[in-house]
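Novice: Take a look at the following structure, please.
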Amino acid sequence: MTIKLFLTDVDGVLTDAGMYYTESGDEFKKFNTHDGMGIRLLMQRGVKTGFITSESTRIVERRAAKLKIDYLYQGTWKKLDAAREICAKENISLAETAYIGDDVNCLELLSHVGLAACPANALPKIMAIPNIIHLEKRGGEGAVREFAELIMERYLA
């Protein structure tokens, strides 16, 4: 199997799942630079990339722009549909797609991709998906980088 598309959830995967608010209502998210480099390394190897998240924030939009990812789907609860749309645009199958997610809104997509992974702190229902890769790193602490390195070592042509 060769991976041609790398997709990730945001909250709980690229972040620690925390949602931080100031008194005035400003929201903060912490991203890990190692994860960003992992995504960039995949892109350098010709892998298309994307974020698919149920939340919708300017913070995620800015992170996606900084990393120059190929696809950003925000406010999307039907993540499998979003992935299928990306696959159709790129002429890539779900079997050639890797996805990392951590919560129940990721379950359907994780169950249909060729390569599925979850951070060490994913919910038990996600960890129970057959053949899912259990990463050692937690969300926001390098799980995406760990998955990216595994892909580069084993699943790129």
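Each chain in the structure tokens gets a letter, A, B and so on, in the order shown; residues start at 1 in every chain, and ligands are counted from 1 in the order they appear.
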Once you count only C-alpha atoms, what closest atom pair and distance in Å to one decimal does each residue of segment 4-43 of chain A within 10 Å of segment 59-83 of chain A have, with rows by chain and rising residue number, as a tab-separated table?

Specialist:
residue	atom	partner	partner_atom	distance
A:Leu5	CA	A:Ala83	CA	9.4
A:Phe6	CA	A:Asp70	CA	9.9
A:Leu7	CA	A:Ala83	CA	8.0
A:Thr8	CA	A:Leu72	CA	10.0
A:Asp9	CA	A:Lys79	CA	9.2
A:Val10	CA	A:Val60	CA	7.8
A:Asp11	CA	A:Val60	CA	9.5
A:Leu14	CA	A:Val60	CA	9.9
A:Glu27	CA	A:Ile59	CA	8.3
A:Phe28	CA	A:Ile59	CA	7.7
A:Lys29	CA	A:Ile59	CA	7.4
A:Lys30	CA	A:Ile59	CA	9.8
A:Phe31	CA	A:Arg63	CA	8.4
A:Gly36	CA	A:Leu67	CA	6.7
A:Met37	CA	A:Leu67	CA	8.5
A:Ile39	CA	A:Leu67	CA	7.7
A:Arg40	CA	A:Leu67	CA	6.9
A:Met43	CA	A:Ile69	CA	8.1

Novice: Could you give me, as a list in words, the residues within 6 Å of segment 134-143 of chain A, counting only C-alpha atoms and dropping anything in the same chain fewer than 4 positions from it?

Specialist: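 My list of contacting residues is Gly12, Val13, Leu14, Thr15, Asp16, Asn32, His34, Asp35, Ala117, Cys118, Pro119, Ala120 and Asn121 of chain A.
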
Novice: Please save C-alpha atoms of the selected residues as an mmCIF file, in the first residue's frame.

Specialist:
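Result file follows (part_11.cif):
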data_model
loop_
_atom_site.group_PDB
_atom_site.id
_atom_site.type_symbol
_atom_site.label_atom_id
_atom_site.label_comp_id
_atom_site.auth_asym_id
_atom_site.auth_seq_id
_atom_site.Cartn_x
_atom_site.Cartn_y
_atom_site.Cartn_z
ATOM 1 C CA GLY A 12 -7.225 16.343 20.181
ATOM 2 C CA VAL A 13 -4.775 15.442 17.412
ATOM 3 C CA LEU A 14 -2.949 18.583 16.283
ATOM 4 C CA THR A 15 -3.858 20.122 19.660
ATOM 5 C CA ASP A 16 -4.126 18.756 23.189
ATOM 6 C CA ASN A 32 3.140 21.421 18.074
ATOM 7 C CA HIS A 34 7.077 18.906 15.306
ATOM 8 C CA ASP A 35 3.657 17.967 13.921
ATOM 9 C CA ALA A 117 -4.034 5.969 13.578
ATOM 10 C CA CYS A 118 -4.941 7.561 16.879
ATOM 11 C CA PRO A 119 -3.005 9.470 19.534
ATOM 12 C CA ALA A 120 -2.223 7.760 22.844
ATOM 13 C CA ASN A 121 -5.033 9.715 24.542
#

Novice: Report as a ChimeraX atom specification all protein, DNA and RNA residues lying within 9 Å of Val113 of chain A, evaluated on only C-alpha atoms, omitting residues in the same chain fewer than 3 positions from it.

Specialist: /A:80,93-99,109-110,116

Novice: Grab the atom CA of Asp102 of chain A to atom CA of Ala148 of chain A distance for me, in Å with one decimal place.

Specialist: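 Taking atom CA of Asp102 of chain A as the start and atom CA of Ala148 of chain A as the end point, the length is 16.0 Å.
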
Novice: Per DSSP on the backbone, filter segment 18-85 of chain A down to the residues in strand (DSSP E or B) and report them as a ChimeraX atom specification.

Specialist: /A:20-21,27-28,48-52,71-73

Novice: Write out, as a PDB file, in the first residue's frame, the residues just selected, with C-alpha atoms.

Specialist:
ATOM      1  CA  TYR A  20      -8.590  28.055  26.069  1.00  0.00           C
ATOM      2  CA  TYR A  21     -10.605  31.276  26.448  1.00  0.00           C
ATOM      3  CA  GLU A  27      -9.787  31.526  21.974  1.00  0.00           C
ATOM      4  CA  PHE A  28      -6.343  29.929  21.983  1.00  0.00           C
ATOM      5  CA  LYS A  48      -1.426  15.608  -0.487  1.00  0.00           C
ATOM      6  CA  THR A  49      -2.529  16.879   2.929  1.00  0.00           C
ATOM      7  CA  GLY A  50      -5.659  18.116   4.634  1.00  0.00           C
ATOM      8  CA  PHE A  51      -7.397  18.987   7.878  1.00  0.00           C
ATOM      9  CA  ILE A  52     -10.958  17.783   8.460  1.00  0.00           C
ATOM     10  CA  TYR A  71      -7.323  20.964   1.855  1.00  0.00           C
ATOM     11  CA  LEU A  72      -9.133  22.475   4.825  1.00  0.00           C
ATOM     12  CA  TYR A  73     -12.620  21.320   5.772  1.00  0.00           C
TER      13      TYR A  73
END

Novice: What separation in Å, quoted to one decimal, exists between atom CA of Asn91 of chain A and atom CA of Thr53 of chain A?

Specialist: 22.0 Å
